[in-house]
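Visitor: Sharing a structure here in structure tokens format.
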Amino acid sequence: MILLVILIPALAGTAAFFIGSDPLRRGLLVSTAIVQFALSVGTWLEPPTPALNGWLAEDALGRLFMTLTSALFLASSFYAVAYLREERSQSHSDFEEGFLFSNAREASFTGCLLFFLAAMTLVTLSQHLGLLWVTVEATTLASAPLIYFHRHHRSLEATWKYLLICSVGIALALLGIFFLAVAATSPGTGTVSLVLKDLLSDAPHLNRLWLKAAFVLMLVGYGTKMGLAPFHTWLPDAHSEAPSVASALLSGALLNCAFLGILRIHQICVASGLVDFSERLLLVLGLLSMAVAAIFITGQVDYKRMLAYSSIEHMGILAVGVGLGGAGLFGAMLHVINHSLTKVMLFMVAGNLLAVYHTKIAKNVSGALQVLPVSGLLWVLGFLAITGSPPFGPFLSEFTILKAALDQGRSFVAIAYLIFLAIIVAGMATPVLAMAQGTPDSNVVVPAGRGVALSAVPAVLGAAILLMGIYVPPVLSRTLHEAARLLGQH
Amino acid sequence: MSQLVNAILVFLLLTGFLLLASSRLIACIRAVAMQGILLGLLAIAAQDGNPSVFGVLLPLVSAAVKGFILPWLLIRAMRDADTAREIEPFIGYNLSVIIGAVALGGSIWLGQRLPLPNQPTSFLLVPAAFFTCLVGFVLLTTRRKAITQVLGYLTLENGVYAFGAAVALEMPILVELGILLDVFVGVFVMGIAIFHINRQFDHIDTGQLVTLSDRVR
């Protein structure tokens with residue numbers, strides 16, 4: 001079972017490269033996504049047996065992140081099929097500079113999407129830290145071609161930065177894993193186990209100096225990939241240049257996987273009594289990320305970049321939640337789900353707007369509510385949700401984290417958190433509302449026969465976000481609490 | 001054994017300085033290839049007692065990939081790109097070497113600050129690994145060409161690998177192979193990207209990759 005959730009998308013990905021027929025390949029994409037999602041939901045009913053000597057096993061954290069990834073991928077696969085149908089023609093003219101460019105082969109795009117899913121699933125199930133590293137790097141390699149789908153110089157620049165910055169960051173994380181191994185070595189013994197369970201049970205005996213160094217390196221390494229400031233520089237470029245469905249998956253699913261890497265080493269720090277050290281660093285980076293996002297969202301002209309900076313903000317919120325500990329942990333886990341659902345929806349809607357308006361500049365878009373009623377409405381609702389307005393899901397989780405800060409008497413954290421959130425609401429409100437309202441230019445026409453999935457999928461996600469704000473199902477809540485307990489002190 | 005390890009490490013340090021001082025791209029690629037081979041030898045030599053079959057085989061595979069296959073890929077990328085064979089750094093070679101000397105001093109200091117629980121085979125092990133990482137960073141930040149940035153990444157990776165070999169860390173075979181595969185595919189994908197950069201821009205100067213930035217109203 002545990003191997004199937006990884007092997008099925010990997011094999012389907014390999015097959016996708018060789019299938020010439022478009023309908024067949026698109027059918028494969030969607031059916032793989034459905035099967036994989038069903039399998040990962042199945043693990044909630046019956047916990048899978050660990051595989052490969054316990055290197056692959058599912059705990060509450062893994063279950064949460066894996067199911068979320070599968071669900072988002074399922075939604076994206078329907079969207080992707082409709083999107084690829086629109087992108088069929090041979091050459092496109094660039095919206096910004098007017099030159100002609102072609103797309104990458106659809107077969108390689110689909111194949112990479114499926115490999116990406118396999119790699120991300122593997123990340124969520126890896127219990128061996130070395131294996132975790134290998135799989136996180138694999139997600140970078142599988143997703144880089146996705147960014148370079150539109151073959152032009154801007155997407156190439158974004159791909160190059162993404163590849164290089166993330167690979168370098170990840171190399172530091174590998175050094176961190178070696179440091180961790182040194183921390184676990186006691187004089188005279190040879191072999192060290194890097195399986196999470198063994199490290200946790202051995203945690204009180206770890207060498208604290210080396211463990212601290214290991215945490216810093218892994219925080220920087222995985223933090224680069226997660227988009228925590230000041231290591232976030234690749235993120236706005238990649239998210240704005242990738243096709244929207246890839247941006248959605250990068251933001252909604254990939255960043256979570258990198259976050260999971262940080263959570264794993266945090267678990268070890270908690271178990272070995274270094275919790276103050278790791279929490280403080282997470283808090284600092286979290287608040288810094290929120291600050292950077294607040295600065296760059298204010299006055300941002302490109303609405304896809306605006307969403308990218310919003311992802312940096314929310315990664316910051318997650319780091320703050322974990323950095324606070326206690327009730328903040330539950331809030332952070334809940335926020336992982338809420339942010340991913342909302343951000344995937346927003347990127348999909350942004351893709352629809354881009355397809356109709358042919359511009360990423362917010363001020364050149366107006367009257368979205370008239371031109372695209374569903375997408376326009378979802379754009380506004382998505383904005384309200386992502387900035388933490390009730391009654392949507394993110395409100396609940398952001399409030400939980402704020403309350404944790406207040407209950408712990410950390411008024412500085414709470415005030416800074418609120419100020420950054422307020423700046424971001426103000427910064428996003430102007431462009432988003434101006435895009436939705438007003439009268440559209442007369443030359444804006446909605447192409448006939450646009451796929452239903454392009455607006456249906458984000459609408460379903462929107463309903464899910466609303467539901468998460470009103471009612472968190474008990475089975476989900478139990479898993480969230482269990483995940484938070486894994487991260488907390490025992 | 002420790003004599004051999006010391007000799008390998010001294011050569012590793014030298015390749016670092018070679019990378020910093022060299023003005024020709026091909027020399028840099030060869031230096032990184034040399035590092036790959038040295039690291040393979042180091043991983044074998046640093047094991048005490050009787051190494052297992054895989055303990056010998058894996059470093060050899062790694063040396064083959066890093067010492068021959070990747071350099072071959074990079075040399076091909078360089079020929080395809082038909083780029084000028086000069087490095088064109090942002091800072092001069094003399095300054096690079098001075099930075100290298102400072103980095104070496106810092107690495108030795110750091111090596112003393114972080115004592116290993118098990119006495120390593122050679123006191124040079126940890127400093128050499130850190131130094132190689134730092135050289136990688138210098139290359140990444142001060143060199144302009146896409147290929148030299150890949151070389152910087154590889155050097156950094158080599159430094160990390162050297163640290164792993166230094167503490168004689170026995171990673172499971174699956175993970176070792178996974179790491180090697182990731183590096184290989186990573187450089188391969190970067191090679192493809194270089195090919196596209198070259199076709200797109202008629203050069204591989206990453207100094208030109210500056211279109212994307214934040215525009216503010």
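Following the order of the structure tokens, chains are lettered A, B, ..., residues in each are numbered from 1, and ligands are numbered from 1.
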Report as a Markdown table: every residue of chain B with an atom at most 9 Å from chain A, its closest pair of atoms, and their distance in Å to one decimal, counting only C-alpha atoms, with rows sorted by chain and ascending residue number.
Guide:
| residue | atom | partner | partner_atom | distance |
| --- | --- | --- | --- | --- |
| B:Leu114 | CA | A:Trp210 | CA | 7.6 |
| B:Leu116 | CA | A:Val182 | CA | 7.2 |
| B:Pro117 | CA | A:Pro187 | CA | 5.4 |
| B:Asn118 | CA | A:Pro187 | CA | 5.3 |
| B:Gln119 | CA | A:Pro187 | CA | 8.5 |
| B:Phe137 | CA | A:Val168 | CA | 8.9 |
| B:Ala146 | CA | A:Trp160 | CA | 8.9 |
| B:Gln149 | CA | A:Leu164 | CA | 8.0 |
| B:Val150 | CA | A:Leu164 | CA | 7.8 |
| B:Tyr153 | CA | A:Val168 | CA | 6.2 |
| B:Leu156 | CA | A:Ala171 | CA | 7.3 |
| B:Glu157 | CA | A:Ala171 | CA | 6.1 |
| B:Gly159 | CA | A:Leu175 | CA | 8.8 |
| B:Val160 | CA | A:Leu175 | CA | 5.4 |
| B:Tyr161 | CA | A:Leu175 | CA | 8.1 |
| B:Phe163 | CA | A:Phe178 | CA | 7.5 |
| B:Gly164 | CA | A:Phe178 | CA | 6.1 |
| B:Val167 | CA | A:Val182 | CA | 7.2 |
| B:Ala168 | CA | A:Gly190 | CA | 8.5 |
| B:Leu169 | CA | A:Thr191 | CA | 7.5 |
| B:Glu170 | CA | A:Thr191 | CA | 6.4 |
| B:Met171 | CA | A:Gly130 | CA | 7.8 |
| B:Pro172 | CA | A:Gly130 | CA | 8.6 |
| B:Leu174 | CA | A:Leu131 | CA | 8.1 |
| B:Val175 | CA | A:Leu131 | CA | 5.7 |
| B:Glu176 | CA | A:Gly130 | CA | 8.4 |
| B:Gly178 | CA | A:Val134 | CA | 5.8 |
| B:Ile179 | CA | A:Val134 | CA | 5.7 |
| B:Leu181 | CA | A:Val134 | CA | 8.7 |
| B:Asp182 | CA | A:Ala138 | CA | 6.5 |
| B:Val183 | CA | A:Glu137 | CA | 8.8 |
| B:Val185 | CA | A:Leu141 | CA | 7.4 |
| B:Gly186 | CA | A:Leu141 | CA | 6.4 |
| B:Val189 | CA | A:Leu141 | CA | 7.4 |
| B:Met190 | CA | A:Leu163 | CA | 7.4 |
| B:Ala193 | CA | A:Trp160 | CA | 6.8 |
| B:Ile194 | CA | A:Trp160 | CA | 8.5 |
| B:His196 | CA | A:Leu156 | CA | 7.7 |
| B:Ile197 | CA | A:Leu156 | CA | 7.0 |
| B:Gln200 | CA | A:His153 | CA | 6.3 |
| B:Phe201 | CA | A:His153 | CA | 7.7 |
| B:Thr206 | CA | A:Glu157 | CA | 8.6 |
| B:Leu209 | CA | A:Glu157 | CA | 5.7 |
| B:Val210 | CA | A:Glu157 | CA | 7.9 |
| B:Thr211 | CA | A:Arg154 | CA | 6.9 |
| B:Leu212 | CA | A:Asp237 | CA | 6.3 |
| B:Ser213 | CA | A:Asp237 | CA | 7.5 |
| B:Asp214 | CA | A:Gln300 | CA | 7.0 |
| B:Arg215 | CA | A:Val301 | CA | 6.3 |
| B:Val216 | CA | A:Gly299 | CA | 5.2 |
| B:Arg217 | CA | A:Gly299 | CA | 5.5 |
Visitor: Leaving out region 3-12 of chain B and any residue of its chain fewer than 6 positions from it, which residues lie within 7 Å of it when counting only C-alpha atoms, given as a list of chain:residue names?
Guide: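 Using only C-alpha atoms, the neighbours found are B:Gln35, B:Leu38, B:Leu42, B:Ala45, B:Ala46, B:Ser122, B:Leu124, B:Leu125, B:Ala128.
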Visitor: Tell me which of B:Leu18, B:Leu13, B:Leu25, B:Met78 sits closest to Phe195 (chain B), counting only C-alpha atoms.
Guide: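 Distance minimum relative to Phe195 (chain B) lands on B:Met78.
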Visitor: State, in Å with one decimal place, the distance from CA of Thr430 (chain A) to CA of Gly316 (chain A).
Guide: 22.7 Å
Visitor: Going by DSSP on the backbone, which bits of region 9-202 of chain B are alpha helix (DSSP H)? Write them as JSON, numbers by chain, please.
Guide: {"B": [9, 10, 11, 12, 13, 14, 15, 16, 17, 18, 19, 20, 21, 25, 26, 27, 28, 29, 30, 31, 32, 33, 34, 35, 36, 37, 38, 39, 40, 41, 42, 43, 44, 45, 53, 54, 55, 56, 57, 58, 59, 60, 61, 62, 63, 64, 70, 71, 72, 73, 74, 75, 76, 77, 78, 79, 80, 81, 93, 94, 95, 96, 97, 98, 99, 100, 101, 102, 103, 104, 105, 106, 107, 108, 109, 110, 111, 112, 113, 125, 126, 127, 128, 129, 130, 131, 132, 133, 134, 135, 136, 137, 138, 139, 140, 141, 142, 146, 147, 148, 149, 150, 151, 152, 153, 154, 155, 156, 157, 158, 159, 160, 161, 162, 163, 164, 165, 166, 173, 174, 175, 176, 177, 178, 179, 180, 181, 182, 183, 184, 185, 186, 187, 188, 189, 190, 191, 192, 193, 194, 195, 196, 197, 198, 199, 200, 201]}
Visitor: So which residues touch region 28-33 of chain B within 8 Å, counting only C-alpha atoms, skipping near sequence neighbours fewer than 5 positions away, as a PDB file with N, CA, C and O atoms, in the first residue's frame?
Guide:
ATOM      1  N   THR B  15      43.214  21.754  -5.246  1.00  0.00           N
ATOM      2  CA  THR B  15      42.208  21.928  -6.315  1.00  0.00           C
ATOM      3  C   THR B  15      41.328  23.131  -6.013  1.00  0.00           C
ATOM      4  O   THR B  15      40.904  23.831  -6.924  1.00  0.00           O
ATOM      5  N   GLY B  16      41.056  23.357  -4.712  1.00  0.00           N
ATOM      6  CA  GLY B  16      40.273  24.532  -4.343  1.00  0.00           C
ATOM      7  C   GLY B  16      40.938  25.805  -4.808  1.00  0.00           C
ATOM      8  O   GLY B  16      40.306  26.670  -5.433  1.00  0.00           O
ATOM      9  N   LEU B  18      43.198  26.075  -7.100  1.00  0.00           N
ATOM     10  CA  LEU B  18      43.251  26.052  -8.562  1.00  0.00           C
ATOM     11  C   LEU B  18      41.965  26.639  -9.139  1.00  0.00           C
ATOM     12  O   LEU B  18      41.979  27.448 -10.075  1.00  0.00           O
ATOM     13  N   LEU B  19      40.835  26.223  -8.539  1.00  0.00           N
ATOM     14  CA  LEU B  19      39.547  26.723  -9.009  1.00  0.00           C
ATOM     15  C   LEU B  19      39.455  28.231  -8.869  1.00  0.00           C
ATOM     16  O   LEU B  19      38.897  28.917  -9.728  1.00  0.00           O
ATOM     17  N   SER B  22      42.202  29.970 -11.420  1.00  0.00           N
ATOM     18  CA  SER B  22      42.275  29.654 -12.842  1.00  0.00           C
ATOM     19  C   SER B  22      41.398  30.587 -13.663  1.00  0.00           C
ATOM     20  O   SER B  22      40.277  30.908 -13.281  1.00  0.00           O
ATOM     21  N   LYS B  66      31.556  11.663 -10.840  1.00  0.00           N
ATOM     22  CA  LYS B  66      32.008  13.041 -10.626  1.00  0.00           C
ATOM     23  C   LYS B  66      33.312  13.345 -11.349  1.00  0.00           C
ATOM     24  O   LYS B  66      33.602  14.499 -11.650  1.00  0.00           O
ATOM     25  N   GLY B  67      34.111  12.306 -11.577  1.00  0.00           N
ATOM     26  CA  GLY B  67      35.414  12.539 -12.178  1.00  0.00           C
ATOM     27  C   GLY B  67      35.390  12.464 -13.694  1.00  0.00           C
ATOM     28  O   GLY B  67      36.253  13.049 -14.358  1.00  0.00           O
ATOM     29  N   PHE B  68      34.435  11.728 -14.257  1.00  0.00           N
ATOM     30  CA  PHE B  68      34.441  11.559 -15.715  1.00  0.00           C
ATOM     31  C   PHE B  68      33.137  11.976 -16.387  1.00  0.00           C
ATOM     32  O   PHE B  68      33.141  12.768 -17.310  1.00  0.00           O
ATOM     33  N   LEU B  70      30.254  13.659 -15.345  1.00  0.00           N
ATOM     34  CA  LEU B  70      29.806  15.051 -15.229  1.00  0.00           C
ATOM     35  C   LEU B  70      30.743  16.020 -15.936  1.00  0.00           C
ATOM     36  O   LEU B  70      30.281  16.904 -16.653  1.00  0.00           O
ATOM     37  N   PRO B  71      32.077  15.883 -15.764  1.00  0.00           N
ATOM     38  CA  PRO B  71      32.960  16.792 -16.507  1.00  0.00           C
ATOM     39  C   PRO B  71      32.768  16.689 -18.013  1.00  0.00           C
ATOM     40  O   PRO B  71      32.781  17.701 -18.721  1.00  0.00           O
ATOM     41  N   LEU B  74      29.820  18.645 -18.907  1.00  0.00           N
ATOM     42  CA  LEU B  74      30.073  20.088 -18.841  1.00  0.00           C
ATOM     43  C   LEU B  74      30.935  20.555 -19.996  1.00  0.00           C
ATOM     44  O   LEU B  74      30.713  21.633 -20.555  1.00  0.00           O
ATOM     45  N   ILE B  75      31.933  19.729 -20.348  1.00  0.00           N
ATOM     46  CA  ILE B  75      32.800  20.122 -21.473  1.00  0.00           C
ATOM     47  C   ILE B  75      31.970  20.181 -22.756  1.00  0.00           C
ATOM     48  O   ILE B  75      32.102  21.096 -23.568  1.00  0.00           O
ATOM     49  N   LEU B 151      29.742  24.583 -11.648  1.00  0.00           N
ATOM     50  CA  LEU B 151      30.978  24.112 -11.017  1.00  0.00           C
ATOM     51  C   LEU B 151      30.991  24.476  -9.537  1.00  0.00           C
ATOM     52  O   LEU B 151      31.431  23.684  -8.700  1.00  0.00           O
ATOM     53  N   LEU B 154      28.818  22.057  -7.770  1.00  0.00           N
ATOM     54  CA  LEU B 154      29.479  20.753  -7.643  1.00  0.00           C
ATOM     55  C   LEU B 154      30.559  20.785  -6.569  1.00  0.00           C
ATOM     56  O   LEU B 154      30.728  19.830  -5.809  1.00  0.00           O
ATOM     57  N   THR B 155      31.299  21.908  -6.512  1.00  0.00           N
ATOM     58  CA  THR B 155      32.351  22.020  -5.511  1.00  0.00           C
ATOM     59  C   THR B 155      31.756  22.004  -4.107  1.00  0.00           C
ATOM     60  O   THR B 155      32.265  21.335  -3.202  1.00  0.00           O
TER      61      THR B 155
END
Visitor: Kindly give the distance, in Å, that separates CA of Gln36 (chain A) and CA of Leu74 (chain A), rounded to a single decimal.
Guide: 8.5 Å
Visitor: Pick out the residues sitting within 7 Å of Met345 (chain A), and hand them over as a list in words; count only C-alpha atoms, and ignore anything fewer than 2 positions along from it in its own chain.
Guide: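 My list of contacting residues is Leu341, Thr342, Lys343, Phe347, Met348, Val349, Pro458, Leu461 and Gly462 of chain A.
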Visitor: Selection from above, N, CA and C atoms, as a compact mmCIF listing (two decimals), in the first residue's frame, can you write it?
Guide:
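What follows is the written file out.txt:
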# COMPACT_ATOMS: atom_id res chain seq x y z
N LEU A 341 -5.15 25.13 0.30
CA LEU A 341 -6.40 25.16 -0.45
C LEU A 341 -6.62 26.54 -1.07
N THR A 342 -6.42 27.58 -0.25
CA THR A 342 -6.70 28.93 -0.73
C THR A 342 -5.73 29.33 -1.83
N LYS A 343 -4.44 29.01 -1.63
CA LYS A 343 -3.45 29.48 -2.59
C LYS A 343 -3.59 28.75 -3.92
N PHE A 347 -4.20 30.75 -7.40
CA PHE A 347 -3.34 30.64 -8.59
C PHE A 347 -4.14 30.17 -9.80
N MET A 348 -5.09 29.27 -9.56
CA MET A 348 -5.92 28.81 -10.69
C MET A 348 -6.74 29.97 -11.25
N VAL A 349 -7.33 30.76 -10.35
CA VAL A 349 -8.11 31.90 -10.81
C VAL A 349 -7.20 32.91 -11.52
N PRO A 458 -11.61 25.58 -9.11
CA PRO A 458 -11.44 26.57 -8.05
C PRO A 458 -12.70 26.79 -7.22
N LEU A 461 -12.75 24.19 -4.60
CA LEU A 461 -11.77 24.52 -3.57
C LEU A 461 -12.29 25.64 -2.68
N GLY A 462 -12.95 26.62 -3.30
CA GLY A 462 -13.51 27.73 -2.53
C GLY A 462 -14.52 27.23 -1.51
Visitor: Identify, on the basis of only C-alpha atoms, every residue whose closest approach to Leu134 (chain B) does not exceed 8 Å; exclude the query and any residue fewer than 4 positions from it along the same chain; express the result as a list in words.
Guide: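 Result of the neighbour search: Ala103, Phe130, Val138 and Leu156 of chain B.
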Visitor: Generate a file of the selected residues that holds N, CA and C atoms, formatted as a PDB file, in the first residue's frame.
Guide:
ATOM      1  N   ALA B 103      39.427  31.930   3.725  1.00  0.00           N
ATOM      2  CA  ALA B 103      38.480  30.838   3.930  1.00  0.00           C
ATOM      3  C   ALA B 103      39.173  29.633   4.555  1.00  0.00           C
ATOM      4  N   PHE B 130      35.264  21.872   4.920  1.00  0.00           N
ATOM      5  CA  PHE B 130      34.664  23.211   5.020  1.00  0.00           C
ATOM      6  C   PHE B 130      35.230  24.131   3.945  1.00  0.00           C
ATOM      7  N   VAL B 138      32.224  30.776  -3.058  1.00  0.00           N
ATOM      8  CA  VAL B 138      32.894  31.883  -3.755  1.00  0.00           C
ATOM      9  C   VAL B 138      32.624  31.793  -5.250  1.00  0.00           C
ATOM     10  N   LEU B 156      30.656  22.739  -3.946  1.00  0.00           N
ATOM     11  CA  LEU B 156      29.966  22.741  -2.656  1.00  0.00           C
ATOM     12  C   LEU B 156      29.547  21.323  -2.287  1.00  0.00           C
TER      13      LEU B 156
END
Visitor: Which neighbours of Pro390 (chain A) fall inside 10 Å, counting only C-alpha atoms, when residues of the same chain fewer than 5 positions from it are skipped, and could you give them as a CSV table (one decimal) with N, CA and C atoms, in the first residue's frame?
Guide:
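Done, and the output landed in part_28.csv:
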chain,number,residue,atom,x,y,z
A,384,LEU,N,-10.3,37.6,0.3
A,384,LEU,CA,-10.8,37.7,1.7
A,384,LEU,C,-10.2,36.6,2.5
A,385,ALA,N,-10.3,35.4,1.9
A,385,ALA,CA,-9.8,34.2,2.7
A,385,ALA,C,-8.4,34.2,3.0
A,395,PHE,N,-8.8,32.3,8.5
A,395,PHE,CA,-9.1,33.1,9.7
A,395,PHE,C,-8.9,32.3,11.0
A,396,LEU,N,-9.5,31.1,10.9
A,396,LEU,CA,-9.5,30.2,12.1
A,396,LEU,C,-8.1,29.9,12.5
A,399,PHE,N,-6.0,33.0,13.6
A,399,PHE,CA,-6.5,33.4,14.9
A,399,PHE,C,-5.9,32.5,16.0
A,466,LEU,N,-14.4,27.5,2.7
A,466,LEU,CA,-15.5,28.0,3.5
A,466,LEU,C,-15.9,27.0,4.5
A,469,GLY,N,-13.6,26.8,7.5
A,469,GLY,CA,-13.8,27.9,8.4
A,469,GLY,C,-15.0,27.7,9.3
A,470,ILE,N,-15.9,26.9,8.9
A,470,ILE,CA,-17.2,26.8,9.7
A,470,ILE,C,-17.1,25.5,10.5
Visitor: Find the distance between CA of Ile173 (chain B) and CA of Leu57 (chain B) and write it in Å to one decimal.
Guide: 10.4 Å
Visitor: When distances are computed from only C-alpha atoms, which of B:Leu20, B:Ile26, B:Leu95, B:Pro89 shows the smallest separation from Trp72 (chain B)?
Guide: B:Ile26
Visitor: Measuring atom to atom with only C-alpha atoms, identify which of B:Cys133, B:Ala43, B:Val65, B:Ala77 is nearest to Ala166 (chain B).
Guide: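 Looking only at the distances to Ala166 (chain B), the closest residue turns out to be B:Ala43.
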